[in-house]
$ cat my_file.pdb   # PDB, C-alpha atoms, pLDDT in the B column
MODEL        1
ATOM      1  CA  MET A   1      11.147  13.283 -19.811  1.00 67.00           C
ATOM      2  CA  LEU A   2       8.810  10.315 -19.709  1.00 80.00           C
ATOM      3  CA  ALA A   3      10.352   8.919 -16.525  1.00 81.00           C
ATOM      4  CA  VAL A   4       9.824  12.258 -14.772  1.00 88.00           C
ATOM      5  CA  ASN A   5       6.097  11.979 -15.461  1.00 90.00           C
ATOM      6  CA  PHE A   6       6.085   8.488 -13.929  1.00 90.00           C
ATOM      7  CA  LEU A   7       7.900   9.816 -10.865  1.00 91.00           C
ATOM      8  CA  LEU A   8       5.337  12.605 -10.452  1.00 92.00           C
ATOM      9  CA  LEU A   9       2.503  10.094 -10.773  1.00 93.00           C
ATOM     10  CA  GLY A  10       4.180   7.839  -8.211  1.00 93.00           C
ATOM     11  CA  ALA A  11       4.597  10.757  -5.805  1.00 94.00           C
ATOM     12  CA  ALA A  12       0.933  11.710  -6.211  1.00 96.00           C
ATOM     13  CA  LEU A  13      -0.213   8.118  -5.610  1.00 95.00           C
ATOM     14  CA  PHE A  14       2.031   7.875  -2.565  1.00 95.00           C
ATOM     15  CA  CYS A  15       0.590  11.080  -1.081  1.00 96.00           C
ATOM     16  CA  ILE A  16      -2.968   9.906  -1.694  1.00 95.00           C
ATOM     17  CA  GLY A  17      -2.154   6.590  -0.016  1.00 95.00           C
ATOM     18  CA  VAL A  18      -0.595   8.266   3.030  1.00 95.00           C
ATOM     19  CA  TYR A  19      -3.633  10.516   3.356  1.00 96.00           C
ATOM     20  CA  GLY A  20      -5.874   7.430   3.178  1.00 93.00           C
ATOM     21  CA  VAL A  21      -3.930   5.677   5.933  1.00 92.00           C
ATOM     22  CA  ILE A  22      -4.043   8.727   8.192  1.00 92.00           C
ATOM     23  CA  ALA A  23      -7.609   9.887   7.569  1.00 91.00           C
ATOM     24  CA  ARG A  24      -9.606   6.676   7.196  1.00 82.00           C
ATOM     25  CA  ARG A  25     -11.182   4.751  10.050  1.00 81.00           C
ATOM     26  CA  ASN A  26     -12.333   1.747   8.057  1.00 84.00           C
ATOM     27  CA  ALA A  27      -9.795  -1.095   8.090  1.00 82.00           C
ATOM     28  CA  VAL A  28     -10.493  -2.129   4.494  1.00 84.00           C
ATOM     29  CA  MET A  29      -9.897   1.423   3.264  1.00 89.00           C
ATOM     30  CA  VAL A  30      -6.621   1.551   5.201  1.00 88.00           C
ATOM     31  CA  LEU A  31      -5.528  -1.701   3.529  1.00 88.00           C
ATOM     32  CA  MET A  32      -6.436  -0.257   0.132  1.00 91.00           C
ATOM     33  CA  SER A  33      -4.396   2.855   0.934  1.00 93.00           C
ATOM     34  CA  ILE A  34      -1.396   0.694   1.856  1.00 92.00           C
ATOM     35  CA  GLU A  35      -1.777  -1.076  -1.487  1.00 93.00           C
ATOM     36  CA  LEU A  36      -1.778   2.320  -3.190  1.00 94.00           C
ATOM     37  CA  ILE A  37       1.456   3.218  -1.392  1.00 95.00           C
ATOM     38  CA  LEU A  38       3.080  -0.052  -2.467  1.00 93.00           C
ATOM     39  CA  ASN A  39       1.991   0.481  -6.077  1.00 93.00           C
ATOM     40  CA  ALA A  40       3.466   3.992  -6.003  1.00 95.00           C
ATOM     41  CA  VAL A  41       6.759   2.560  -4.763  1.00 93.00           C
ATOM     42  CA  SER A  42       6.743  -0.027  -7.557  1.00 93.00           C
ATOM     43  CA  LEU A  43       6.089   2.684 -10.116  1.00 92.00           C
ATOM     44  CA  ASN A  44       8.995   4.721  -8.766  1.00 93.00           C
ATOM     45  CA  PHE A  45      11.308   1.700  -8.888  1.00 91.00           C
ATOM     46  CA  VAL A  46      10.449   1.122 -12.537  1.00 91.00           C
ATOM     47  CA  ALA A  47      10.812   4.821 -13.392  1.00 91.00           C
ATOM     48  CA  PHE A  48      14.262   4.993 -11.788  1.00 90.00           C
ATOM     49  CA  ALA A  49      15.262   1.838 -13.650  1.00 90.00           C
ATOM     50  CA  LEU A  50      14.065   3.438 -16.880  1.00 88.00           C
ATOM     51  CA  MET A  51      16.204   6.498 -16.206  1.00 87.00           C
ATOM     52  CA  SER A  52      19.329   4.504 -15.320  1.00 87.00           C
ATOM     53  CA  GLY A  53      18.942   1.839 -17.991  1.00 85.00           C
ATOM     54  CA  ALA A  54      19.246  -1.039 -15.512  1.00 86.00           C
ATOM     55  CA  ILE A  55      16.799  -3.848 -14.837  1.00 87.00           C
ATOM     56  CA  ASP A  56      17.079  -3.643 -11.041  1.00 87.00           C
ATOM     57  CA  GLY A  57      13.912  -1.559 -10.694  1.00 87.00           C
ATOM     58  CA  GLN A  58      11.756  -4.182 -12.364  1.00 89.00           C
ATOM     59  CA  VAL A  59      13.179  -6.872 -10.076  1.00 91.00           C
ATOM     60  CA  PHE A  60      12.437  -4.804  -6.981  1.00 90.00           C
ATOM     61  CA  ALA A  61       8.948  -4.083  -8.329  1.00 90.00           C
ATOM     62  CA  LEU A  62       8.302  -7.829  -8.524  1.00 91.00           C
ATOM     63  CA  TYR A  63       9.362  -8.165  -4.884  1.00 92.00           C
ATOM     64  CA  VAL A  64       7.010  -5.319  -3.941  1.00 91.00           C
ATOM     65  CA  ILE A  65       4.157  -7.067  -5.757  1.00 91.00           C
ATOM     66  CA  ALA A  66       4.877 -10.272  -3.816  1.00 93.00           C
ATOM     67  CA  VAL A  67       4.913  -8.379  -0.511  1.00 90.00           C
ATOM     68  CA  ALA A  68       1.659  -6.638  -1.465  1.00 90.00           C
ATOM     69  CA  ALA A  69      -0.008  -9.977  -2.186  1.00 91.00           C
ATOM     70  CA  ALA A  70       1.082 -11.338   1.189  1.00 92.00           C
ATOM     71  CA  GLU A  71      -0.116  -8.156   2.899  1.00 89.00           C
ATOM     72  CA  VAL A  72      -3.549  -8.515   1.324  1.00 89.00           C
ATOM     73  CA  GLY A  73      -3.892 -12.096   2.522  1.00 90.00           C
ATOM     74  CA  VAL A  74      -2.824 -11.399   6.092  1.00 91.00           C
ATOM     75  CA  GLY A  75      -4.624  -8.064   6.306  1.00 86.00           C
ATOM     76  CA  LEU A  76      -7.959  -9.381   5.078  1.00 87.00           C
ATOM     77  CA  ALA A  77      -7.706 -12.364   7.433  1.00 90.00           C
ATOM     78  CA  MET A  78      -7.188  -9.953  10.328  1.00 84.00           C
ATOM     79  CA  VAL A  79     -10.120  -7.804   9.220  1.00 83.00           C
ATOM     80  CA  LEU A  80     -12.381 -10.864   9.001  1.00 87.00           C
ATOM     81  CA  MET A  81     -11.399 -12.025  12.489  1.00 85.00           C
ATOM     82  CA  ILE A  82     -11.973  -8.542  13.918  1.00 81.00           C
ATOM     83  CA  TYR A  83     -15.373  -8.370  12.220  1.00 84.00           C
ATOM     84  CA  ARG A  84     -16.372 -11.790  13.574  1.00 85.00           C
ATOM     85  CA  ASN A  85     -15.471 -10.789  17.121  1.00 81.00           C
ATOM     86  CA  ARG A  86     -16.558  -7.120  17.196  1.00 78.00           C
ATOM     87  CA  LYS A  87     -19.159  -6.843  14.369  1.00 81.00           C
ATOM     88  CA  SER A  88     -17.345  -3.705  13.214  1.00 78.00           C
ATOM     89  CA  ILE A  89     -14.195  -2.934  11.275  1.00 75.00           C
ATOM     90  CA  ALA A  90     -13.775   0.627  12.518  1.00 76.00           C
ATOM     91  CA  LEU A  91     -10.184   1.022  13.645  1.00 73.00           C
ATOM     92  CA  ASP A  92     -10.904   3.611  16.347  1.00 71.00           C
ATOM     93  CA  GLU A  93     -13.097   1.108  18.226  1.00 72.00           C
ATOM     94  CA  LEU A  94     -10.298  -1.444  18.653  1.00 70.00           C
ATOM     95  CA  SER A  95      -8.957  -1.175  22.173  1.00 65.00           C
ATOM     96  CA  GLU A  96      -7.851  -4.823  22.329  1.00 63.00           C
ATOM     97  CA  MET A  97      -4.858  -4.204  20.092  1.00 57.00           C
ATOM     98  CA  LYS A  98      -3.328  -1.707  22.515  1.00 58.00           C
ATOM     99  CA  GLY A  99      -0.346  -3.151  24.379  1.00 53.00           C
TER     100      GLY A  99
ENDMDL
END

$ encode --input "my_file.pdb" --output "structure tokens"
Amino acid sequence: MLAVNFLLLGAALFCIGVYGVIARRNAVMVLMSIELILNAVSLNFVAFALMSGAIDGQVFALYVIAVAAAEVGVGLAMVLMIYRNRKSIALDELSEMKG
């Protein structure tokens, strides 16, 4: 029963993160929403591992944490470079990134 509660919490966090990615225009808020999505995925991995009795979920959660740390470093570097060049971090004002 406890793992089901963790799965519901993970699903709620994932939905909030997806809404943040879709609705926000600020690049920092979009990065925070992506972090929320990754944390929800980690929580679901651990909850499924708790239900199955294996340790695989914790191992995958560590990989997700490593990917999230790399995403923060690269994402914040991109936001800083965009702010230096454009003096704004609003994503709807970026026409340079269109192919």

$ resolve_selection --input "my_file.pdb" --expression "the PyMOL selection byres ((chain A and resi 56-64) around 10)" --output "number ranges by chain"
A: 38-39, 41-50, 52-55, 65-70

$ atom_distance --input "my_file.pdb" --atom1 "atom CA of A:Val30" --atom2 "atom CA of A:Asn85"
19.3 Å

$ closest_residue --input "my_file.pdb" --among "A:Arg25, A:Val4, A:Ser33, A:Val18" --to "A:Ser88" --atoms "all atoms listed in the file"
A:Arg25

$ closest_residue --input "my_file.pdb" --among "A:Ala11, A:Met51, A:Ile16, A:Ile22" --to "A:Leu36" --atoms "all atoms listed in the file"
A:Ile16

$ atom_distance --input "my_file.pdb" --atom1 "atom CA of A:Val72" --atom2 "atom CA of A:Leu9"
23.0 Å

$ atom_distance --input "my_file.pdb" --atom1 "atom CA of A:Leu8" --atom2 "atom CA of A:Ile37"
13.6 Å

$ build_atoms --input "my_file.pdb" --residues "stretch 61-93 of chain A" --atoms "N, CA and C atoms" --output "short mmCIF file (atom, residue, chain, number, x, y, z; two decimals), keeping the file's coordinate frame"
data_model
loop_
_atom_site.label_atom_id
_atom_site.label_comp_id
_atom_site.auth_asym_id
_atom_site.auth_seq_id
_atom_site.Cartn_x
_atom_site.Cartn_y
_atom_site.Cartn_z
N ALA A 61 10.40 -4.22 -8.18
CA ALA A 61 8.95 -4.08 -8.33
C ALA A 61 8.26 -5.44 -8.19
N LEU A 62 8.88 -6.49 -8.71
CA LEU A 62 8.30 -7.83 -8.52
C LEU A 62 8.29 -8.23 -7.06
N TYR A 63 9.35 -7.89 -6.32
CA TYR A 63 9.36 -8.16 -4.88
C TYR A 63 8.26 -7.38 -4.16
N VAL A 64 8.06 -6.14 -4.57
CA VAL A 64 7.01 -5.32 -3.94
C VAL A 64 5.63 -5.92 -4.22
N ILE A 65 5.43 -6.43 -5.42
CA ILE A 65 4.16 -7.07 -5.76
C ILE A 65 3.94 -8.31 -4.90
N ALA A 66 4.99 -9.08 -4.67
CA ALA A 66 4.88 -10.27 -3.82
C ALA A 66 4.55 -9.89 -2.38
N VAL A 67 5.20 -8.85 -1.87
CA VAL A 67 4.91 -8.38 -0.51
C VAL A 67 3.48 -7.85 -0.42
N ALA A 68 3.02 -7.16 -1.46
CA ALA A 68 1.66 -6.64 -1.46
C ALA A 68 0.63 -7.77 -1.45
N ALA A 69 0.91 -8.84 -2.18
CA ALA A 69 -0.01 -9.98 -2.19
C ALA A 69 -0.07 -10.64 -0.81
N ALA A 70 1.07 -10.77 -0.16
CA ALA A 70 1.08 -11.34 1.19
C ALA A 70 0.36 -10.42 2.17
N GLU A 71 0.54 -9.12 2.01
CA GLU A 71 -0.12 -8.16 2.90
C GLU A 71 -1.62 -8.23 2.75
N VAL A 72 -2.10 -8.41 1.54
CA VAL A 72 -3.55 -8.52 1.32
C VAL A 72 -4.10 -9.75 2.02
N GLY A 73 -3.41 -10.86 1.89
CA GLY A 73 -3.89 -12.10 2.52
C GLY A 73 -3.94 -11.99 4.03
N VAL A 74 -2.87 -11.51 4.63
CA VAL A 74 -2.82 -11.40 6.09
C VAL A 74 -3.76 -10.30 6.58
N GLY A 75 -3.77 -9.18 5.88
CA GLY A 75 -4.62 -8.06 6.31
C GLY A 75 -6.11 -8.40 6.24
N LEU A 76 -6.54 -9.02 5.17
CA LEU A 76 -7.96 -9.38 5.08
C LEU A 76 -8.34 -10.46 6.08
N ALA A 77 -7.43 -11.37 6.39
CA ALA A 77 -7.71 -12.36 7.43
C ALA A 77 -7.88 -11.68 8.79
N MET A 78 -7.04 -10.69 9.06
CA MET A 78 -7.19 -9.95 10.33
C MET A 78 -8.50 -9.18 10.37
N VAL A 79 -8.86 -8.56 9.26
CA VAL A 79 -10.12 -7.80 9.22
C VAL A 79 -11.31 -8.73 9.42
N LEU A 80 -11.28 -9.91 8.81
CA LEU A 80 -12.38 -10.86 9.00
C LEU A 80 -12.49 -11.34 10.44
N MET A 81 -11.36 -11.60 11.09
CA MET A 81 -11.40 -12.02 12.49
C MET A 81 -11.90 -10.90 13.40
N ILE A 82 -11.49 -9.68 13.13
CA ILE A 82 -11.97 -8.54 13.92
C ILE A 82 -13.47 -8.37 13.71
N TYR A 83 -13.94 -8.52 12.48
CA TYR A 83 -15.37 -8.37 12.22
C TYR A 83 -16.18 -9.48 12.90
N ARG A 84 -15.66 -10.69 12.91
CA ARG A 84 -16.37 -11.79 13.57
C ARG A 84 -16.49 -11.56 15.08
N ASN A 85 -15.46 -10.99 15.67
CA ASN A 85 -15.47 -10.79 17.12
C ASN A 85 -16.19 -9.51 17.54
N ARG A 86 -16.06 -8.44 16.77
CA ARG A 86 -16.56 -7.12 17.20
C ARG A 86 -17.77 -6.63 16.41
N LYS A 87 -18.08 -7.25 15.28
CA LYS A 87 -19.16 -6.84 14.37
C LYS A 87 -18.95 -5.43 13.82
N SER A 88 -17.70 -5.01 13.77
CA SER A 88 -17.34 -3.70 13.21
C SER A 88 -15.89 -3.76 12.76
N ILE A 89 -15.58 -3.00 11.72
CA ILE A 89 -14.20 -2.93 11.28
C ILE A 89 -13.64 -1.53 11.42
N ALA A 90 -14.28 -0.72 12.26
CA ALA A 90 -13.78 0.63 12.52
C ALA A 90 -12.53 0.53 13.39
N LEU A 91 -11.46 1.16 12.95
CA LEU A 91 -10.18 1.02 13.64
C LEU A 91 -10.15 1.79 14.96
N ASP A 92 -10.94 2.85 15.11
CA ASP A 92 -10.90 3.61 16.35
C ASP A 92 -11.66 2.91 17.48
N GLU A 93 -12.38 1.85 17.19
CA GLU A 93 -13.10 1.11 18.23
C GLU A 93 -12.29 -0.07 18.77
#
